[in-house]
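Below is data_36.txt, holding compact mmCIF, N, CA and C atoms and all ligand atoms.
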# COMPACT_ATOMS: atom_id res chain seq x y z
N MET A 515 -42.94 11.35 36.84
CA MET A 515 -41.90 10.44 36.35
C MET A 515 -41.99 9.09 37.07
N LEU A 516 -41.82 8.02 36.30
CA LEU A 516 -41.90 6.67 36.87
C LEU A 516 -40.52 6.04 36.93
N ALA A 517 -40.26 5.29 37.98
CA ALA A 517 -39.04 4.49 38.03
C ALA A 517 -39.18 3.36 37.01
N PRO A 518 -38.08 2.88 36.43
CA PRO A 518 -38.20 1.83 35.41
C PRO A 518 -39.02 0.63 35.88
N ASP A 519 -38.85 0.24 37.14
CA ASP A 519 -39.57 -0.93 37.66
C ASP A 519 -41.08 -0.72 37.68
N ALA A 520 -41.50 0.56 37.70
CA ALA A 520 -42.94 0.85 37.79
C ALA A 520 -43.61 0.89 36.41
N VAL A 521 -42.83 0.80 35.35
CA VAL A 521 -43.40 0.85 33.99
C VAL A 521 -43.86 -0.55 33.61
N THR A 522 -45.18 -0.70 33.49
CA THR A 522 -45.71 -2.04 33.21
C THR A 522 -46.30 -2.14 31.81
N SER A 523 -46.51 -0.99 31.16
CA SER A 523 -47.10 -1.00 29.82
C SER A 523 -46.67 0.24 29.07
N LEU A 524 -46.70 0.16 27.74
CA LEU A 524 -46.36 1.34 26.92
C LEU A 524 -47.61 1.86 26.22
N GLU A 525 -48.76 1.40 26.66
CA GLU A 525 -50.01 1.83 26.04
C GLU A 525 -50.10 3.35 26.05
N GLY A 526 -50.46 3.92 24.93
CA GLY A 526 -50.58 5.37 24.86
C GLY A 526 -49.31 6.06 24.38
N TYR A 527 -48.23 5.31 24.26
CA TYR A 527 -46.97 5.90 23.77
C TYR A 527 -46.69 5.43 22.35
N GLY A 528 -46.40 6.38 21.48
CA GLY A 528 -46.16 6.05 20.07
C GLY A 528 -44.72 5.69 19.77
N ALA A 529 -43.81 6.04 20.65
CA ALA A 529 -42.39 5.79 20.42
C ALA A 529 -41.68 5.76 21.77
N ALA A 530 -40.47 5.29 21.79
CA ALA A 530 -39.72 5.26 23.06
C ALA A 530 -38.26 5.60 22.83
N ILE A 531 -37.73 6.42 23.74
CA ILE A 531 -36.29 6.69 23.78
C ILE A 531 -35.85 6.20 25.16
N LEU A 532 -34.99 5.21 25.15
CA LEU A 532 -34.70 4.48 26.37
C LEU A 532 -33.19 4.40 26.58
N GLY A 533 -32.76 4.70 27.80
CA GLY A 533 -31.32 4.64 28.03
C GLY A 533 -30.97 4.31 29.46
N SER A 534 -29.68 4.09 29.66
CA SER A 534 -29.18 3.78 31.00
C SER A 534 -27.76 4.31 31.13
N ALA A 535 -27.42 4.63 32.37
CA ALA A 535 -26.00 4.86 32.67
C ALA A 535 -25.29 3.50 32.62
N ILE A 536 -24.01 3.53 32.30
CA ILE A 536 -23.21 2.32 32.31
C ILE A 536 -22.48 2.25 33.66
N TYR A 537 -22.72 1.16 34.36
CA TYR A 537 -22.00 0.92 35.62
C TYR A 537 -21.27 -0.41 35.50
N MET A 538 -19.98 -0.37 35.71
CA MET A 538 -19.13 -1.57 35.61
C MET A 538 -19.38 -2.29 34.28
N GLY A 539 -19.46 -1.50 33.24
CA GLY A 539 -19.57 -2.06 31.89
C GLY A 539 -20.94 -2.61 31.52
N GLU A 540 -21.95 -2.32 32.34
CA GLU A 540 -23.29 -2.88 32.07
C GLU A 540 -24.36 -1.80 32.20
N TRP A 541 -25.47 -2.02 31.53
CA TRP A 541 -26.66 -1.20 31.80
C TRP A 541 -27.11 -1.46 33.24
N MET A 542 -27.81 -0.52 33.83
CA MET A 542 -28.35 -0.71 35.17
C MET A 542 -29.44 -1.79 35.13
N ASP A 543 -29.52 -2.55 36.23
CA ASP A 543 -30.42 -3.71 36.25
C ASP A 543 -31.87 -3.35 35.93
N ASP A 544 -32.35 -2.23 36.51
CA ASP A 544 -33.78 -1.93 36.31
C ASP A 544 -34.07 -1.51 34.86
N ALA A 545 -33.09 -0.88 34.21
CA ALA A 545 -33.28 -0.49 32.80
C ALA A 545 -33.25 -1.73 31.92
N ARG A 546 -32.30 -2.61 32.18
CA ARG A 546 -32.19 -3.86 31.41
C ARG A 546 -33.46 -4.71 31.59
N ALA A 547 -33.96 -4.75 32.85
CA ALA A 547 -35.16 -5.54 33.14
C ALA A 547 -36.36 -4.98 32.38
N LEU A 548 -36.40 -3.66 32.24
CA LEU A 548 -37.52 -3.05 31.51
C LEU A 548 -37.50 -3.51 30.05
N VAL A 549 -36.32 -3.54 29.45
CA VAL A 549 -36.22 -4.00 28.05
C VAL A 549 -36.68 -5.45 27.95
N ASP A 550 -36.25 -6.28 28.89
CA ASP A 550 -36.65 -7.69 28.84
C ASP A 550 -38.16 -7.85 29.03
N ARG A 551 -38.70 -7.06 29.97
CA ARG A 551 -40.13 -7.20 30.30
C ARG A 551 -41.02 -6.68 29.18
N LEU A 552 -40.62 -5.53 28.59
CA LEU A 552 -41.49 -4.87 27.61
C LEU A 552 -41.00 -5.02 26.17
N GLY A 553 -40.06 -5.93 25.96
CA GLY A 553 -39.49 -6.13 24.62
C GLY A 553 -40.53 -6.21 23.52
N PRO A 554 -41.54 -7.07 23.64
CA PRO A 554 -42.54 -7.19 22.57
C PRO A 554 -43.30 -5.88 22.34
N GLU A 555 -43.58 -5.14 23.40
CA GLU A 555 -44.27 -3.85 23.25
C GLU A 555 -43.36 -2.81 22.61
N LEU A 556 -42.08 -2.86 22.99
CA LEU A 556 -41.12 -1.92 22.39
C LEU A 556 -41.02 -2.17 20.90
N ALA A 557 -40.99 -3.45 20.54
CA ALA A 557 -40.77 -3.82 19.14
C ALA A 557 -41.89 -3.34 18.22
N LYS A 558 -43.05 -3.00 18.79
CA LYS A 558 -44.18 -2.51 17.97
C LYS A 558 -44.08 -1.02 17.68
N ARG A 559 -43.11 -0.36 18.30
CA ARG A 559 -42.99 1.10 18.17
C ARG A 559 -41.59 1.46 17.70
N PRO A 560 -41.40 2.68 17.19
CA PRO A 560 -40.04 3.14 16.94
C PRO A 560 -39.31 3.34 18.28
N VAL A 561 -38.12 2.78 18.38
CA VAL A 561 -37.35 2.86 19.64
C VAL A 561 -35.93 3.31 19.34
N TRP A 562 -35.43 4.17 20.19
CA TRP A 562 -34.03 4.58 20.13
C TRP A 562 -33.41 4.32 21.50
N LEU A 563 -32.20 3.80 21.51
CA LEU A 563 -31.51 3.48 22.76
C LEU A 563 -30.28 4.37 22.94
N PHE A 564 -29.99 4.69 24.19
CA PHE A 564 -28.71 5.36 24.46
C PHE A 564 -28.10 4.80 25.74
N SER A 565 -26.78 4.89 25.81
CA SER A 565 -26.05 4.51 27.02
C SER A 565 -25.18 5.69 27.40
N SER A 566 -25.19 6.02 28.69
CA SER A 566 -24.40 7.14 29.18
C SER A 566 -23.26 6.63 30.04
N GLY A 567 -22.06 7.01 29.69
CA GLY A 567 -20.90 6.59 30.47
C GLY A 567 -19.76 7.55 30.23
N VAL A 568 -18.68 7.35 30.92
CA VAL A 568 -17.54 8.26 30.76
C VAL A 568 -16.40 7.58 30.00
N LEU A 569 -16.60 6.31 29.66
CA LEU A 569 -15.56 5.60 28.92
C LEU A 569 -16.09 5.30 27.53
N GLY A 570 -15.24 5.43 26.55
CA GLY A 570 -15.68 5.25 25.16
C GLY A 570 -15.73 3.80 24.75
N ALA A 571 -15.23 3.51 23.59
CA ALA A 571 -15.26 2.15 23.04
C ALA A 571 -14.44 1.21 23.93
N PRO A 572 -14.77 -0.09 23.88
CA PRO A 572 -14.01 -1.04 24.69
C PRO A 572 -12.51 -0.91 24.43
N SER A 573 -11.73 -0.86 25.50
CA SER A 573 -10.29 -0.65 25.35
C SER A 573 -9.57 -1.95 25.02
N GLY A 574 -10.19 -3.06 25.42
CA GLY A 574 -9.54 -4.34 25.20
C GLY A 574 -8.42 -4.60 26.20
N ALA A 575 -8.17 -3.64 27.07
CA ALA A 575 -7.07 -3.82 28.03
C ALA A 575 -7.45 -4.87 29.07
N GLU A 576 -6.58 -5.82 29.30
CA GLU A 576 -6.84 -6.91 30.24
C GLU A 576 -7.15 -6.40 31.65
N ASP A 577 -6.46 -5.32 32.03
CA ASP A 577 -6.60 -4.86 33.41
C ASP A 577 -7.74 -3.86 33.58
N ALA A 578 -8.49 -3.59 32.53
CA ALA A 578 -9.65 -2.70 32.66
C ALA A 578 -10.86 -3.40 32.05
N PRO A 579 -11.26 -4.54 32.65
CA PRO A 579 -12.22 -5.41 32.00
C PRO A 579 -13.61 -4.81 31.82
N TYR A 580 -13.97 -3.82 32.62
CA TYR A 580 -15.35 -3.34 32.56
C TYR A 580 -15.54 -2.16 31.62
N ALA A 581 -14.43 -1.50 31.36
CA ALA A 581 -14.41 -0.25 30.59
C ALA A 581 -15.74 0.18 29.97
N ALA A 582 -16.04 -0.32 28.77
CA ALA A 582 -17.22 0.20 28.07
C ALA A 582 -18.22 -0.92 27.85
N LEU A 583 -19.38 -0.52 27.36
CA LEU A 583 -20.39 -1.51 27.03
C LEU A 583 -19.91 -2.27 25.79
N GLU A 584 -19.91 -3.58 25.86
CA GLU A 584 -19.42 -4.38 24.74
C GLU A 584 -20.40 -4.34 23.58
N ASP A 585 -19.86 -4.49 22.37
CA ASP A 585 -20.72 -4.51 21.17
C ASP A 585 -21.82 -5.57 21.28
N GLU A 586 -21.44 -6.69 21.88
CA GLU A 586 -22.40 -7.80 22.01
C GLU A 586 -23.59 -7.40 22.90
N ALA A 587 -23.29 -6.67 23.98
CA ALA A 587 -24.36 -6.23 24.89
C ALA A 587 -25.28 -5.24 24.18
N ILE A 588 -24.68 -4.38 23.36
CA ILE A 588 -25.49 -3.41 22.61
C ILE A 588 -26.37 -4.15 21.60
N ALA A 589 -25.78 -5.11 20.89
CA ALA A 589 -26.55 -5.87 19.89
C ALA A 589 -27.71 -6.60 20.56
N ASP A 590 -27.47 -7.09 21.75
CA ASP A 590 -28.48 -7.80 22.51
C ASP A 590 -29.65 -6.87 22.89
N LEU A 591 -29.32 -5.67 23.35
CA LEU A 591 -30.35 -4.69 23.72
C LEU A 591 -31.15 -4.26 22.49
N VAL A 592 -30.45 -4.07 21.37
CA VAL A 592 -31.12 -3.66 20.13
C VAL A 592 -32.07 -4.77 19.68
N ALA A 593 -31.60 -6.03 19.78
CA ALA A 593 -32.45 -7.15 19.36
C ALA A 593 -33.67 -7.27 20.27
N ALA A 594 -33.47 -7.10 21.56
CA ALA A 594 -34.58 -7.27 22.51
C ALA A 594 -35.63 -6.17 22.39
N SER A 595 -35.23 -4.99 21.92
CA SER A 595 -36.16 -3.86 21.88
C SER A 595 -36.60 -3.51 20.46
N GLY A 596 -35.91 -4.07 19.46
CA GLY A 596 -36.19 -3.68 18.07
C GLY A 596 -35.77 -2.25 17.78
N ALA A 597 -34.79 -1.75 18.53
CA ALA A 597 -34.39 -0.34 18.37
C ALA A 597 -33.83 -0.06 16.99
N ARG A 598 -34.05 1.18 16.54
CA ARG A 598 -33.50 1.63 15.26
C ARG A 598 -32.02 1.96 15.39
N GLU A 599 -31.64 2.39 16.57
CA GLU A 599 -30.28 2.88 16.74
C GLU A 599 -29.88 2.83 18.21
N HIS A 600 -28.61 2.65 18.46
CA HIS A 600 -28.07 2.82 19.81
C HIS A 600 -26.99 3.89 19.75
N ARG A 601 -27.05 4.82 20.71
CA ARG A 601 -26.09 5.91 20.76
C ARG A 601 -25.34 5.86 22.08
N PHE A 602 -24.07 6.07 22.05
CA PHE A 602 -23.32 6.28 23.28
C PHE A 602 -23.27 7.79 23.53
N LEU A 603 -23.71 8.20 24.71
CA LEU A 603 -23.66 9.62 25.07
C LEU A 603 -22.76 9.79 26.29
N ALA A 604 -21.78 10.64 26.17
CA ALA A 604 -20.84 10.84 27.28
C ALA A 604 -21.57 11.41 28.49
N GLY A 605 -21.22 10.91 29.67
CA GLY A 605 -21.89 11.32 30.90
C GLY A 605 -20.98 12.12 31.81
N ARG A 606 -21.19 11.95 33.10
CA ARG A 606 -20.35 12.70 34.04
C ARG A 606 -20.18 11.95 35.35
N ILE A 607 -19.09 12.20 35.99
CA ILE A 607 -18.88 11.69 37.34
C ILE A 607 -18.49 12.87 38.22
N ASP A 608 -19.31 13.07 39.26
CA ASP A 608 -19.00 14.11 40.24
C ASP A 608 -18.52 13.40 41.50
N ALA A 609 -17.23 13.45 41.74
CA ALA A 609 -16.62 12.70 42.84
C ALA A 609 -17.23 13.06 44.20
N ARG A 610 -17.74 14.29 44.30
CA ARG A 610 -18.29 14.71 45.61
C ARG A 610 -19.53 13.91 45.99
N GLY A 611 -20.20 13.36 44.96
CA GLY A 611 -21.43 12.61 45.25
C GLY A 611 -21.18 11.12 45.48
N LEU A 612 -19.93 10.69 45.48
CA LEU A 612 -19.64 9.26 45.57
C LEU A 612 -19.20 8.84 46.96
N GLY A 613 -19.66 7.66 47.38
CA GLY A 613 -19.16 7.06 48.62
C GLY A 613 -17.84 6.35 48.36
N LEU A 614 -17.28 5.84 49.42
CA LEU A 614 -15.97 5.19 49.29
C LEU A 614 -16.02 3.99 48.35
N GLY A 615 -17.08 3.19 48.47
CA GLY A 615 -17.22 2.00 47.62
C GLY A 615 -17.28 2.39 46.15
N GLU A 616 -18.07 3.42 45.85
CA GLU A 616 -18.20 3.86 44.46
C GLU A 616 -16.88 4.43 43.94
N LYS A 617 -16.19 5.16 44.81
CA LYS A 617 -14.89 5.71 44.40
C LYS A 617 -13.91 4.60 44.03
N THR A 618 -13.98 3.51 44.81
CA THR A 618 -13.10 2.36 44.53
C THR A 618 -13.44 1.75 43.17
N LEU A 619 -14.76 1.62 42.91
CA LEU A 619 -15.18 1.03 41.63
C LEU A 619 -14.79 1.94 40.46
N VAL A 620 -14.97 3.23 40.66
CA VAL A 620 -14.61 4.19 39.61
C VAL A 620 -13.11 4.07 39.29
N ALA A 621 -12.31 3.91 40.35
CA ALA A 621 -10.87 3.75 40.15
C ALA A 621 -10.59 2.43 39.44
N ALA A 622 -11.36 1.38 39.79
CA ALA A 622 -11.13 0.05 39.21
C ALA A 622 -11.37 0.05 37.70
N VAL A 623 -12.38 0.81 37.25
CA VAL A 623 -12.64 0.86 35.80
C VAL A 623 -11.90 2.02 35.15
N ARG A 624 -11.12 2.73 35.96
CA ARG A 624 -10.34 3.88 35.45
C ARG A 624 -11.23 4.91 34.77
N ALA A 625 -12.37 5.16 35.42
CA ALA A 625 -13.29 6.14 34.86
C ALA A 625 -12.84 7.54 35.27
N PRO A 626 -12.68 8.43 34.30
CA PRO A 626 -12.25 9.79 34.64
C PRO A 626 -13.37 10.60 35.27
N GLU A 627 -13.02 11.44 36.24
CA GLU A 627 -14.01 12.33 36.84
C GLU A 627 -14.18 13.55 35.96
N GLY A 628 -15.40 14.04 35.93
CA GLY A 628 -15.65 15.25 35.16
C GLY A 628 -16.98 15.17 34.45
N ASP A 629 -17.36 16.28 33.83
CA ASP A 629 -18.62 16.35 33.10
C ASP A 629 -18.31 16.37 31.61
N PHE A 630 -18.61 15.26 30.94
CA PHE A 630 -18.28 15.12 29.52
C PHE A 630 -19.51 15.19 28.63
N ARG A 631 -20.63 15.58 29.24
CA ARG A 631 -21.87 15.62 28.46
C ARG A 631 -21.79 16.66 27.34
N SER A 632 -22.29 16.28 26.18
CA SER A 632 -22.34 17.23 25.06
C SER A 632 -23.79 17.55 24.80
N TRP A 633 -24.20 18.70 25.30
CA TRP A 633 -25.61 19.06 25.13
C TRP A 633 -25.95 19.30 23.67
N ALA A 634 -24.95 19.75 22.89
CA ALA A 634 -25.20 19.96 21.45
C ALA A 634 -25.50 18.63 20.78
N GLU A 635 -24.72 17.59 21.13
CA GLU A 635 -24.95 16.27 20.53
C GLU A 635 -26.32 15.72 20.95
N ILE A 636 -26.63 15.90 22.23
CA ILE A 636 -27.92 15.40 22.74
C ILE A 636 -29.08 16.10 22.01
N ARG A 637 -28.93 17.42 21.85
CA ARG A 637 -29.97 18.20 21.17
C ARG A 637 -30.12 17.76 19.72
N ASP A 638 -28.98 17.57 19.05
CA ASP A 638 -29.01 17.17 17.63
C ASP A 638 -29.70 15.81 17.47
N TRP A 639 -29.38 14.92 18.39
CA TRP A 639 -29.96 13.57 18.32
C TRP A 639 -31.48 13.65 18.53
N ALA A 640 -31.89 14.40 19.56
CA ALA A 640 -33.32 14.55 19.84
C ALA A 640 -34.04 15.19 18.65
N THR A 641 -33.39 16.16 18.03
CA THR A 641 -33.99 16.84 16.86
C THR A 641 -34.15 15.85 15.71
N ALA A 642 -33.14 15.00 15.50
CA ALA A 642 -33.20 14.01 14.42
C ALA A 642 -34.33 13.00 14.69
N ILE A 643 -34.48 12.61 15.94
CA ILE A 643 -35.55 11.67 16.29
C ILE A 643 -36.91 12.32 16.05
N ALA A 644 -37.05 13.57 16.49
CA ALA A 644 -38.32 14.28 16.29
C ALA A 644 -38.64 14.40 14.81
N ALA A 645 -37.61 14.67 14.00
CA ALA A 645 -37.82 14.80 12.55
C ALA A 645 -38.27 13.48 11.96
N ALA A 646 -37.64 12.38 12.41
CA ALA A 646 -38.01 11.06 11.89
C ALA A 646 -39.47 10.74 12.25
N LEU A 647 -39.87 11.07 13.46
CA LEU A 647 -41.23 10.77 13.89
C LEU A 647 -42.25 11.65 13.18
N THR A 648 -41.88 12.90 12.94
CA THR A 648 -42.81 13.82 12.29
C THR A 648 -43.05 13.43 10.84
N SER A 649 -42.00 12.89 10.20
CA SER A 649 -42.14 12.57 8.77
C SER A 649 -42.88 11.25 8.55
N GLU A 650 -43.18 10.52 9.61
CA GLU A 650 -43.82 9.22 9.42
C GLU A 650 -45.33 9.29 9.54
C1 LIG B 1 -19.43 3.10 40.48
C2 LIG B 1 -19.41 3.62 39.07
C3 LIG B 1 -19.05 2.78 38.03
C4 LIG B 1 -19.03 3.25 36.70
N1 LIG B 1 -18.67 2.39 35.71
C5 LIG B 1 -18.61 2.86 34.43
C6 LIG B 1 -18.23 2.00 33.36
O1 LIG B 1 -17.95 0.83 33.56
N2 LIG B 1 -18.18 2.52 32.12
C7 LIG B 1 -18.50 3.83 31.85
O2 LIG B 1 -18.42 4.25 30.70
N3 LIG B 1 -18.88 4.68 32.85
C8 LIG B 1 -18.94 4.22 34.12
N4 LIG B 1 -19.35 5.05 35.12
C9 LIG B 1 -19.77 6.40 34.79
C10 LIG B 1 -21.28 6.56 34.73
O3 LIG B 1 -21.85 5.79 33.69
C11 LIG B 1 -21.56 8.04 34.47
O4 LIG B 1 -21.16 8.71 35.61
C12 LIG B 1 -23.00 8.34 34.14
O5 LIG B 1 -23.04 9.61 33.52
C13 LIG B 1 -23.86 8.33 35.40
O6 LIG B 1 -25.19 8.69 35.10
P1 LIG B 1 -26.21 9.00 36.30
O7 LIG B 1 -25.64 10.23 36.98
O8 LIG B 1 -27.51 9.22 35.61
O9 LIG B 1 -26.21 7.80 37.19
C14 LIG B 1 -19.35 4.60 36.43
C15 LIG B 1 -19.71 5.46 37.49
C16 LIG B 1 -19.75 5.00 38.79
C17 LIG B 1 -20.14 5.95 39.90
So, in terms of structure tokens, how does the structure I just supplied come out?
Amino acid sequence: MLAPDAVTSLEGYGAAILGSAIYMGEWMDDARALVDRLGPELAKRPVWLFSSGVLGAPSGAEDAPYAALEDEAIADLVAASGAREHRFLAGRIDARGLGLGEKTLVAAVRAPEGDFRSWAEIRDWATAIAAALTSE
């Protein structure tokens, strides 16, 4: 497995499924940088994007400014990568693994603790992607 920063080319790959956890309402820097760096290469292949977070659609609440990934940020990622689709996939927060700083940030965005991952949804999505690739 390669860290995002170590990916310099997509040669040899016919398709890409690319995602990031959402931190403070944004994709992680190294994942975003990969899209910017390899955008033209991504655009030549079928690409699917996902974002993992514990907060759903933007709340619009003034006091929770980071809540979810904004539609504009998603549109930007889709444009930069030529992705066919972007999916929000619910993630998890395990408070035991967080330091004090992270706990403060989690409280600031009012992110609920817990495991909200839906393995059935993830499986269905992966199956749909595999079917799309097989039929092409
Ligand atoms: C410091 C911190 C900030 C977070 N900010 C957000 C956020 O703004 N929106 C959101 O939906 N989830 C947020 N989350 C939840 C993470 O996106 C979620 O835990 C994700 O599943 C983490 O994936 P990972 O374990 O692969 O890093 C935050 C989590 C942490 C620890």
Could you work out an axis-aligned bounding box for all listed atoms of stretch 581-590 of chain A, with 6 Å added on each of the six sides, and give its centre and edge lengths in Å to one decimal, as AutoDock Vina command-line options?
--center_x -22.0 --center_y -3.8 --center_z 25.6 --size_x 27.2 --size_y 20.0 --size_z 23.5
DSSP-assigned helix (DSSP H, G or I) among chain A, expressed as an MDAnalysis selection string: chainID A and resid 518:520 543:557 585:595 609:611 614:622 633:648
Nearby residues (all atoms listed in the file) at most 6.5 Å from A:Ser566, same-chain spacing under 2 positions excluded, as number ranges by chain: A: 533-536, 564, 568, 602-606
Surroundings of ligand LIG 1 (chain B) up to 8 Å, based on only N, CA and C atoms and all ligand atoms, as a PyMOL selection string: chain A and resi 534-540+565-571+579-583+603-608+611-613+615-626+628+630-631
Distance in Å - atom N of A:Glu586 versus atom CA of A:Ala545: 17.3 Å
DSSP-assigned strand (DSSP E) among chain A, expressed as an NGL selection string: :A and (530-537 or 540-541 or 561-567 or 599-604 or 606-607 or 628-629)
Considering only C-alpha atoms, give me a table of residues in stretch 534-575 of chain A that are at most 10 Å from stretch 632-650 of chain A, with the closest atom pair and distance in Å for each, as CSV.
residue,atom,partner,partner_atom,distance
A:Pro560,CA,A:Leu647,CA,8.3
A:Val561,CA,A:Ile643,CA,9.6
A:Trp562,CA,A:Ile643,CA,8.2
Coordinates-based distance that separates atom CA of A:Gly528 from atom CA of A:Lys558 (Å, one decimal): 9.0 Å
Two-atom distance - atom CA of A:Leu591, atom C of A:Asp544 (Å):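 Computing the Euclidean distance for atom CA of A:Leu591 and atom C of A:Asp544 yields 12.2 Å.
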Which residue of A:Leu552, A:Leu516, A:Ala557, A:Leu524 approaches A:Val592 most closely, using only C-alpha atoms: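 Looking at the shortest contact to A:Val592, the residue is A:Ala557.
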